[in-house]
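The structure appears right after this line, and notes come after that.
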Amino acid sequence: MLEAEVTPARLAQLVEVDSKTVQRWLTENRIPYPITRHRVARALGHEETYLWPGLLADGLGGVPEAIGGIWPTRTSISSETWHSLFDRAKRQIDILIYAGAFLVETIDLADVLRFKSECGAVIRLLVGDADCAAVKSRAEELGLAWLPERCRTTETYLARDLGPNVCVRTHSTTLYASEFRFDDTLLINTHAYGVWASESPVLRLDCAESPLFQFYADAFDRVWGNETLCLAISPGPGSQCRSKSGALRRKIASGGGHRSA
């Protein structure tokens with residue numbers, strides 16, 4: 001704190017805790033909860049492991065607290081879990097995929113998205129451009145000649161009026177992970193060379209303020225905001241698809257006309 005020229009009282013204000021709590025951190029060597037640690041690290045301009053070296057004991061710098069669970073494969077996630085995730089989302093749904101056919105097959109995706117939009121959720125979907133080099137490379141790598149056509153089928157399926165808060169775009173980026181965000185829960189389906197995404201592990205992140213959550217949320221925004229890589233599919237009149245991603249984020253942050261589902 002001396003280096004950052006921040007007093008204990010000022011730090012308490014910055015991270016929204018009582019000044020006595022900060023004193024206990026200093027005098028009793030207590031380690032704050034993950035969300036508070038992140039705020040302290042940001043306020044002081046240092047990594048969490050610099051401020052609390054004990055976090056290095058597990059070699060992950062406190063990351064385990066940000067991980068709510070791990071599925072060994074995407075296919076091990078039950079359809080009930082997917083339904084529950086969509087059902088509980090009130091403000092924001094973000095999806096980054098290539099084809100994502102399993103969502104169409106597992107749930108009535110178009111109907112679910114339309115319903116969530118009507119309830120006030122802001123929804124952004126990024127689907128792989130069937131003609132892009134990244135999709136063709138992935139298809140060749142996995143021996144899935146049909147992958148580009150599956151992407152095209154998903155594009156066609158979603159190219160309809162899904163509601164005023166739904167925007168679907170195609171992208172031509174190389175996917176290192178598929179992402180599925182439901183408010184403050186984020187599922188990361190990792191990709192590995194030569195392995196189908198459906199047979200790859202999925203991480204569940206439940207702490208929206210954690211660096212790990214923000215790492216992947218920022219990755220989604222980079223793809224979404226890259227106009228040279230995204231081509232909007234216009235789903236109908238009045239669609240948010242014509243809005244810039246910044247406007248969508250402002251709507252999400254302000255509650256986005258949220259009504260309970």
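Residue names in the structure tokens use chain letters A, B, ... in the order shown, residue numbers from 1 in each chain, and ligand numbers from 1 in the order shown.
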Selection near A:Val40, 7 Å with only C-alpha atoms, sequence-local residues under 4 positions removed, as a list in words =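 The residues satisfying every condition are Val15, Thr36 and Leu44 of chain A.
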Write out as a PyMOL selection string which residues come within 12 Å of A:Val223 when counting only C-alpha atoms, dropping same-chain ones fewer than 6 positions away.
-> chain A and resi 94-97+124-128+169-175+178-179+216-217+229-231+245
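The space between atom CA of A:Leu162 and atom CA of A:Arg114 spans 4.8 Å.
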Would you please extract all strand (DSSP E) residues from stretch 94-196 of chain A, as assigned by DSSP on the backbone, and give them as a ChimeraX atom specification?
-> /A:94-96,122-128,166-171,177-182,185-190
As a PDB file with C-alpha atoms, in the first residue's frame, please: every residue in stretch 34-236 of chain A that DSSP puts in helix (DSSP H, G or I).
ATOM      1  CA  PRO A  34     -11.789 -13.975  -4.232  1.00  0.00           C
ATOM      2  CA  ILE A  35     -14.004 -11.089  -5.383  1.00  0.00           C
ATOM      3  CA  THR A  36     -12.494  -8.742  -2.800  1.00  0.00           C
ATOM      4  CA  ARG A  37      -8.958  -9.907  -3.634  1.00  0.00           C
ATOM      5  CA  HIS A  38      -9.561  -8.972  -7.239  1.00  0.00           C
ATOM      6  CA  ARG A  39     -10.698  -5.485  -6.218  1.00  0.00           C
ATOM      7  CA  VAL A  40      -7.708  -5.004  -3.922  1.00  0.00           C
ATOM      8  CA  ALA A  41      -5.266  -6.147  -6.610  1.00  0.00           C
ATOM      9  CA  ARG A  42      -6.821  -3.750  -9.096  1.00  0.00           C
ATOM     10  CA  ALA A  43      -6.744  -0.864  -6.612  1.00  0.00           C
ATOM     11  CA  LEU A  44      -3.079  -1.435  -5.739  1.00  0.00           C
ATOM     12  CA  GLU A  48      -3.090 -11.228  -6.275  1.00  0.00           C
ATOM     13  CA  THR A  49      -0.147 -13.589  -5.855  1.00  0.00           C
ATOM     14  CA  TYR A  50       2.155 -10.606  -5.277  1.00  0.00           C
ATOM     15  CA  LEU A  51      -0.051  -9.352  -2.459  1.00  0.00           C
ATOM     16  CA  PRO A  53       2.109 -15.185  -1.905  1.00  0.00           C
ATOM     17  CA  GLY A  54       0.314 -17.987  -0.083  1.00  0.00           C
ATOM     18  CA  LEU A  55      -2.008 -18.289  -3.057  1.00  0.00           C
ATOM     19  CA  LEU A  56       0.887 -19.783  -4.988  1.00  0.00           C
ATOM     20  CA  ALA A  57       0.773 -22.861  -2.785  1.00  0.00           C
ATOM     21  CA  ASP A  58      -1.685 -24.528  -5.142  1.00  0.00           C
ATOM     22  CA  VAL A  63      -8.201 -19.665  -9.630  1.00  0.00           C
ATOM     23  CA  PRO A  64     -10.023 -22.719  -8.160  1.00  0.00           C
ATOM     24  CA  GLU A  65     -12.525 -20.449  -6.401  1.00  0.00           C
ATOM     25  CA  ALA A  66     -13.551 -19.061  -9.795  1.00  0.00           C
ATOM     26  CA  ARG A  74     -19.569 -31.525 -23.277  1.00  0.00           C
ATOM     27  CA  THR A  75     -21.737 -34.577 -23.904  1.00  0.00           C
ATOM     28  CA  SER A  76     -21.707 -35.259 -20.152  1.00  0.00           C
ATOM     29  CA  SER A  79     -30.131 -31.551 -21.403  1.00  0.00           C
ATOM     30  CA  GLU A  80     -31.743 -30.612 -18.084  1.00  0.00           C
ATOM     31  CA  THR A  81     -28.657 -28.568 -17.207  1.00  0.00           C
ATOM     32  CA  TRP A  82     -28.775 -26.700 -20.517  1.00  0.00           C
ATOM     33  CA  HIS A  83     -32.482 -26.001 -20.048  1.00  0.00           C
ATOM     34  CA  SER A  84     -31.815 -24.750 -16.512  1.00  0.00           C
ATOM     35  CA  LEU A  85     -29.025 -22.416 -17.638  1.00  0.00           C
ATOM     36  CA  PHE A  86     -31.199 -20.819 -20.303  1.00  0.00           C
ATOM     37  CA  ASP A  87     -34.161 -20.649 -17.939  1.00  0.00           C
ATOM     38  CA  ARG A  88     -32.241 -18.855 -15.166  1.00  0.00           C
ATOM     39  CA  ALA A 101     -25.981 -28.157 -33.720  1.00  0.00           C
ATOM     40  CA  PHE A 102     -26.317 -29.828 -30.328  1.00  0.00           C
ATOM     41  CA  LEU A 103     -28.166 -26.760 -29.005  1.00  0.00           C
ATOM     42  CA  VAL A 104     -30.682 -26.949 -31.815  1.00  0.00           C
ATOM     43  CA  GLU A 105     -31.081 -30.673 -31.182  1.00  0.00           C
ATOM     44  CA  THR A 106     -31.101 -30.470 -27.356  1.00  0.00           C
ATOM     45  CA  LEU A 109     -33.239 -22.987 -29.474  1.00  0.00           C
ATOM     46  CA  ALA A 110     -35.146 -20.483 -31.611  1.00  0.00           C
ATOM     47  CA  ASP A 111     -38.217 -20.640 -29.362  1.00  0.00           C
ATOM     48  CA  VAL A 112     -36.087 -20.372 -26.218  1.00  0.00           C
ATOM     49  CA  LEU A 113     -34.198 -17.349 -27.548  1.00  0.00           C
ATOM     50  CA  ARG A 114     -37.405 -15.645 -28.627  1.00  0.00           C
ATOM     51  CA  PHE A 115     -38.943 -16.224 -25.185  1.00  0.00           C
ATOM     52  CA  LYS A 116     -35.867 -14.967 -23.320  1.00  0.00           C
ATOM     53  CA  SER A 117     -35.765 -11.901 -25.569  1.00  0.00           C
ATOM     54  CA  GLU A 118     -39.406 -11.154 -24.801  1.00  0.00           C
ATOM     55  CA  ALA A 133     -10.763 -20.740 -43.650  1.00  0.00           C
ATOM     56  CA  ALA A 134     -11.007 -21.427 -39.902  1.00  0.00           C
ATOM     57  CA  VAL A 135     -14.093 -23.635 -40.250  1.00  0.00           C
ATOM     58  CA  LYS A 136     -12.644 -25.472 -43.243  1.00  0.00           C
ATOM     59  CA  SER A 137      -9.372 -26.043 -41.375  1.00  0.00           C
ATOM     60  CA  ARG A 138     -11.205 -27.459 -38.350  1.00  0.00           C
ATOM     61  CA  ALA A 139     -13.256 -29.712 -40.634  1.00  0.00           C
ATOM     62  CA  GLU A 140     -10.114 -31.069 -42.289  1.00  0.00           C
ATOM     63  CA  GLU A 141      -8.349 -31.530 -38.954  1.00  0.00           C
ATOM     64  CA  LEU A 142     -11.201 -33.630 -37.543  1.00  0.00           C
ATOM     65  CA  LEU A 147     -18.878 -29.163 -40.637  1.00  0.00           C
ATOM     66  CA  PRO A 148     -19.159 -26.166 -43.019  1.00  0.00           C
ATOM     67  CA  GLU A 149     -22.606 -27.322 -44.089  1.00  0.00           C
ATOM     68  CA  ARG A 150     -23.658 -27.702 -40.441  1.00  0.00           C
ATOM     69  CA  CYS A 151     -22.543 -24.114 -39.842  1.00  0.00           C
ATOM     70  CA  ARG A 152     -24.600 -23.026 -42.831  1.00  0.00           C
ATOM     71  CA  THR A 153     -27.613 -24.936 -41.501  1.00  0.00           C
ATOM     72  CA  THR A 154     -27.309 -23.191 -38.135  1.00  0.00           C
ATOM     73  CA  GLU A 155     -27.016 -19.812 -39.865  1.00  0.00           C
ATOM     74  CA  THR A 156     -30.177 -20.528 -41.851  1.00  0.00           C
ATOM     75  CA  TYR A 157     -31.984 -21.780 -38.752  1.00  0.00           C
ATOM     76  CA  LEU A 158     -31.161 -18.593 -36.830  1.00  0.00           C
ATOM     77  CA  ALA A 197     -15.503 -30.212 -29.009  1.00  0.00           C
ATOM     78  CA  SER A 198     -18.249 -32.536 -27.794  1.00  0.00           C
ATOM     79  CA  GLU A 199     -15.584 -34.833 -26.334  1.00  0.00           C
ATOM     80  CA  PRO A 211      -9.919 -12.484 -13.733  1.00  0.00           C
ATOM     81  CA  LEU A 212     -10.559 -15.889 -15.313  1.00  0.00           C
ATOM     82  CA  PHE A 213     -14.198 -15.053 -16.085  1.00  0.00           C
ATOM     83  CA  GLN A 214     -13.220 -11.659 -17.484  1.00  0.00           C
ATOM     84  CA  PHE A 215     -10.473 -13.253 -19.582  1.00  0.00           C
ATOM     85  CA  TYR A 216     -13.016 -15.279 -21.539  1.00  0.00           C
ATOM     86  CA  ALA A 217     -15.716 -12.580 -21.513  1.00  0.00           C
ATOM     87  CA  ASP A 218     -13.222 -10.176 -23.085  1.00  0.00           C
ATOM     88  CA  ALA A 219     -12.337 -12.784 -25.713  1.00  0.00           C
ATOM     89  CA  PHE A 220     -15.996 -12.978 -26.731  1.00  0.00           C
ATOM     90  CA  ASP A 221     -16.199  -9.190 -26.975  1.00  0.00           C
ATOM     91  CA  ARG A 222     -13.110  -9.063 -29.185  1.00  0.00           C
ATOM     92  CA  VAL A 223     -14.739 -11.382 -31.704  1.00  0.00           C
ATOM     93  CA  TRP A 224     -18.082  -9.614 -31.433  1.00  0.00           C
ATOM     94  CA  GLY A 225     -16.586  -6.178 -31.929  1.00  0.00           C
TER      95      GLY A 225
END
When distances are computed from only C-alpha atoms, which of A:Gly120, A:Gly45, A:Pro72, A:Gly100 shows the smallest separation from A:Ser200?
-> A:Pro72
